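Below is one structure, written out as structure tokens; the observations come after it.
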Amino acid sequence: MIISKNRLSAAKVCSDNDDIYYNLAEDLRTSFDLLSDDDNAKIEEKTDSEDMNISGKCLYKDVYGEYEKHKKVAIIDDGFSTLNIKKNLNIVLIDNTVDIFRQNVIPAGILREPLSVLKHADVIVVNKCDEGILGKPFSIDKKIRKYNASCPLFYSRYKPTGIFNDYKNTGEDTNLKGLKNRKIITVCAIGNPDYFYDNLMGCGALISHKLEFEDHCDYSEKDMGSIKDLSDNYKDYLIITTLKDYVKLKRFNKRENYEYIFDKIYYLDFELVIDKSFFEFIYDNYKGYSEKK
């Protein structure tokens with residue numbers, strides 16, 4: 001599996017597959033603004049070459065010369081706006097808890113591109129829907145159809161399955177029933193924390209304190225100190241975070257000042273609930289593509 005570098009840690013936590021690699025060229029491109037035009041040109045030439053497009057240990061590279069003999073699928077996160085890669089299927093995910101149809105393009109709003117680009121979507125998935133809505137059309141359909149009248153629409157939601165950590169995954173705490181009437185502290189650095197809070201409260205948790213950091217925050221020593229201080233003041237409270245944040249917080253677990261609090265830092269885990277017909281649609285498309293090849 002080849003993914004963007006900023007997804008590497010989370011992908012390894014979520015997958016049992018060790019063959020996960022990122023594009024090595026990303027390491028080189030991060031320093032472009034510090035280089036001369038001549039140096040940039042040299043790196044561009046290098047990173048566009050066959051050897052530099054992917055990391056040296058990449059499984060894909062091992063079969064590059066025999067690509068047509070192997071059936072491969074590359075799933076690209078945020079690939080819809082990556083115009084230099086030809087895609088066979090464009091899947092657009094819409095957050096149902098945010099009204100994107102009242103938003104503007106960055107910097108005036110949260111949209112990366114105007115809504116008119118929805119016409120290029122092959123599939124649209126509306127996520128974070130209420131449990132009872134799955135499989136049923138609802139008001140957002142009409143708004144979507146103004147921009148794309150024909151592509152399939154599917155609906156999904158995240159269903160909490162438990163709370164976990166890597167150091168203490170036994171006992172009642174890992175069961176969602178253990179959250180009922182339990183006072184907790186939340187820690188997160190995500191774009192839409194309200195959905196995270198709603199799921200916790202839906203499990204019966206009592207959120208006493210919320211520590212919110214900027215989206216995609218790379219936690220610093222100071223940030224970890226704030227978490228530690230709150231934990232020390234409320235020793236009986238669990239600290240609940242997201243898996244995305246837990247992966248980044250874990251790098252502090254070996255440091256003497258913080259090691260002891262990781263026994264009570266948990267992440268809320270989910271499973272994705274989606275229409276069965278979505279998987280059938282994806283399979284049919286892949287089958288049709290592979291048969292042509």
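Each chain of the structure tokens is named A, B, ... in the order shown, its residues numbered from 1; ligands are numbered from 1 in display order.
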DSSP-assigned strand (DSSP E or B) among range 89-230 of chain A, expressed as an MDAnalysis selection string: chainID A and resid 91:95 105 111 123:127 153:164 183:188 206:212
With C-alpha atoms retained, could you export that selection as a PDB file, in the first residue's frame?
```
ATOM      1  CA  ILE A  91     -15.100   9.122  -4.554  1.00  0.00           C
ATOM      2  CA  VAL A  92     -16.151  12.309  -2.743  1.00  0.00           C
ATOM      3  CA  LEU A  93     -16.918  12.216   0.980  1.00  0.00           C
ATOM      4  CA  ILE A  94     -19.315  14.839   2.388  1.00  0.00           C
ATOM      5  CA  ASP A  95     -19.579  15.504   6.129  1.00  0.00           C
ATOM      6  CA  VAL A 105     -13.587  28.428  -0.872  1.00  0.00           C
ATOM      7  CA  LEU A 111     -13.865  24.438   0.792  1.00  0.00           C
ATOM      8  CA  VAL A 123     -19.466   8.340  -6.316  1.00  0.00           C
ATOM      9  CA  ILE A 124     -20.552  10.545  -3.407  1.00  0.00           C
ATOM     10  CA  VAL A 125     -20.689   9.242   0.170  1.00  0.00           C
ATOM     11  CA  VAL A 126     -22.500  11.315   2.787  1.00  0.00           C
ATOM     12  CA  ASN A 127     -20.873  10.492   6.127  1.00  0.00           C
ATOM     13  CA  LEU A 153     -25.156   8.415  -3.532  1.00  0.00           C
ATOM     14  CA  PHE A 154     -24.402   6.369  -0.422  1.00  0.00           C
ATOM     15  CA  TYR A 155     -24.813   7.112   3.279  1.00  0.00           C
ATOM     16  CA  SER A 156     -22.602   6.126   6.173  1.00  0.00           C
ATOM     17  CA  ARG A 157     -21.941   6.734   9.868  1.00  0.00           C
ATOM     18  CA  TYR A 158     -19.344   5.887  12.478  1.00  0.00           C
ATOM     19  CA  LYS A 159     -20.427   3.454  15.161  1.00  0.00           C
ATOM     20  CA  PRO A 160     -18.366   3.499  18.404  1.00  0.00           C
ATOM     21  CA  THR A 161     -17.018   0.023  19.238  1.00  0.00           C
ATOM     22  CA  GLY A 162     -14.893   0.566  22.346  1.00  0.00           C
ATOM     23  CA  ILE A 163     -12.102   2.518  24.005  1.00  0.00           C
ATOM     24  CA  PHE A 164      -8.551   1.199  23.808  1.00  0.00           C
ATOM     25  CA  LYS A 183     -16.347  11.535  34.114  1.00  0.00           C
ATOM     26  CA  ILE A 184     -13.780  12.007  31.370  1.00  0.00           C
ATOM     27  CA  ILE A 185     -11.347  14.515  29.894  1.00  0.00           C
ATOM     28  CA  THR A 186     -11.237  14.791  26.113  1.00  0.00           C
ATOM     29  CA  VAL A 187      -8.150  15.660  24.059  1.00  0.00           C
ATOM     30  CA  CYS A 188      -8.317  16.221  20.309  1.00  0.00           C
ATOM     31  CA  LEU A 206     -19.768  12.857  31.201  1.00  0.00           C
ATOM     32  CA  ILE A 207     -17.286  15.257  29.594  1.00  0.00           C
ATOM     33  CA  SER A 208     -15.877  17.420  32.368  1.00  0.00           C
ATOM     34  CA  HIS A 209     -13.001  19.086  30.524  1.00  0.00           C
ATOM     35  CA  LYS A 210     -12.168  19.553  26.846  1.00  0.00           C
ATOM     36  CA  LEU A 211      -8.630  20.150  25.614  1.00  0.00           C
ATOM     37  CA  GLU A 212      -8.845  21.238  21.974  1.00  0.00           C
TER      38      GLU A 212
END
```
Residue with the minimum atom-to-atom distance to Phe278 in chain A, picked from A:Glu113, A:Lys128, A:Pro107, A:Pro152 with only C-alpha atoms counted, is A:Pro152
- prompt: How would you write, as JSON, numbers by chain, the set of residues in range 68-236 of chain A that DSSP gives as alpha helix (DSSP H)?
  reply: {"A": [140, 141, 142, 143, 144, 145, 193, 194, 195, 196, 197, 198, 199, 200, 201, 202, 221, 222, 223, 224, 225, 226, 227, 228, 229, 230, 231, 232, 233]}
Which residues are near range 249-264 of chain A? Cut-off 12 Å, only C-alpha atoms, ignore same chain within fewer than 2 positions. Put them as a ChimeraX atom specification.
/A:9-10,13,163-170,173-174,184-189,217-247,266-267
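Among the candidates A:Asp198, A:Leu272, A:Arg112, A:Ala121, the residue lying nearest to Asn90 in chain A is A:Ala121 (atoms considered: only C-alpha atoms).
Using only C-alpha atoms, the residues found no farther than 12 Å from Arg145 in chain A, other than those of its own chain fewer than 4 positions away, are Phe101, Leu115, Ser116, Leu118, Lys119, Ala121, Ile124, Pro137, Phe138, Ser139, Ile140, Asp141, Ala149, Ser150, Cys151, Pro152 and Leu153 of chain A.
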Would you save the residues of that selection, restricted to N, CA and C atoms, as a PDB file, in the first residue's frame?
```pdb
ATOM      1  N   PHE A 101     -22.798  23.540   1.610  1.00  0.00           N
ATOM      2  CA  PHE A 101     -23.471  24.321   0.583  1.00  0.00           C
ATOM      3  C   PHE A 101     -23.654  25.783   1.004  1.00  0.00           C
ATOM      4  N   LEU A 115     -17.959  24.214  -5.326  1.00  0.00           N
ATOM      5  CA  LEU A 115     -18.879  23.075  -5.344  1.00  0.00           C
ATOM      6  C   LEU A 115     -19.122  22.541  -6.753  1.00  0.00           C
ATOM      7  N   SER A 116     -18.854  23.347  -7.748  1.00  0.00           N
ATOM      8  CA  SER A 116     -19.082  22.908  -9.135  1.00  0.00           C
ATOM      9  C   SER A 116     -18.249  21.685  -9.497  1.00  0.00           C
ATOM     10  N   LEU A 118     -18.061  19.007  -8.020  1.00  0.00           N
ATOM     11  CA  LEU A 118     -18.795  17.773  -7.700  1.00  0.00           C
ATOM     12  C   LEU A 118     -19.281  17.064  -8.959  1.00  0.00           C
ATOM     13  N   LYS A 119     -19.364  17.802 -10.054  1.00  0.00           N
ATOM     14  CA  LYS A 119     -19.819  17.177 -11.308  1.00  0.00           C
ATOM     15  C   LYS A 119     -18.834  16.109 -11.785  1.00  0.00           C
ATOM     16  N   ALA A 121     -17.399  13.914  -9.753  1.00  0.00           N
ATOM     17  CA  ALA A 121     -17.421  12.766  -8.837  1.00  0.00           C
ATOM     18  C   ALA A 121     -18.097  11.570  -9.498  1.00  0.00           C
ATOM     19  N   ILE A 124     -20.529   9.629  -4.550  1.00  0.00           N
ATOM     20  CA  ILE A 124     -20.552  10.545  -3.407  1.00  0.00           C
ATOM     21  C   ILE A 124     -21.053   9.788  -2.185  1.00  0.00           C
ATOM     22  N   PRO A 137     -33.244   8.304   1.153  1.00  0.00           N
ATOM     23  CA  PRO A 137     -32.907   9.642   0.658  1.00  0.00           C
ATOM     24  C   PRO A 137     -33.326  10.709   1.667  1.00  0.00           C
ATOM     25  N   PHE A 138     -32.599  11.809   1.754  1.00  0.00           N
ATOM     26  CA  PHE A 138     -33.009  12.893   2.635  1.00  0.00           C
ATOM     27  C   PHE A 138     -32.588  14.224   2.037  1.00  0.00           C
ATOM     28  N   SER A 139     -32.755  15.321   2.755  1.00  0.00           N
ATOM     29  CA  SER A 139     -32.731  16.662   2.173  1.00  0.00           C
ATOM     30  C   SER A 139     -31.440  16.999   1.434  1.00  0.00           C
ATOM     31  N   ILE A 140     -30.311  16.462   1.867  1.00  0.00           N
ATOM     32  CA  ILE A 140     -29.044  16.819   1.218  1.00  0.00           C
ATOM     33  C   ILE A 140     -28.986  16.329  -0.227  1.00  0.00           C
ATOM     34  N   ASP A 141     -29.802  15.325  -0.543  1.00  0.00           N
ATOM     35  CA  ASP A 141     -29.817  14.786  -1.909  1.00  0.00           C
ATOM     36  C   ASP A 141     -30.080  15.878  -2.943  1.00  0.00           C
ATOM     37  N   ALA A 149     -26.106  15.228 -11.211  1.00  0.00           N
ATOM     38  CA  ALA A 149     -27.466  14.686 -11.302  1.00  0.00           C
ATOM     39  C   ALA A 149     -27.511  13.170 -11.373  1.00  0.00           C
ATOM     40  N   SER A 150     -26.368  12.502 -11.582  1.00  0.00           N
ATOM     41  CA  SER A 150     -26.456  11.077 -11.905  1.00  0.00           C
ATOM     42  C   SER A 150     -25.590  10.127 -11.069  1.00  0.00           C
ATOM     43  N   CYS A 151     -24.550  10.610 -10.406  1.00  0.00           N
ATOM     44  CA  CYS A 151     -23.649   9.663  -9.744  1.00  0.00           C
ATOM     45  C   CYS A 151     -24.340   9.006  -8.553  1.00  0.00           C
ATOM     46  N   PRO A 152     -23.950   7.771  -8.213  1.00  0.00           N
ATOM     47  CA  PRO A 152     -24.560   7.084  -7.069  1.00  0.00           C
ATOM     48  C   PRO A 152     -24.285   7.818  -5.755  1.00  0.00           C
ATOM     49  N   LEU A 153     -25.290   7.834  -4.871  1.00  0.00           N
ATOM     50  CA  LEU A 153     -25.156   8.415  -3.532  1.00  0.00           C
ATOM     51  C   LEU A 153     -25.259   7.300  -2.498  1.00  0.00           C
TER      52      LEU A 153
END
```
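Taking CA of Pro114 in chain A as the reference point, CA of Asp275 in chain A is found at 27.5 Å.
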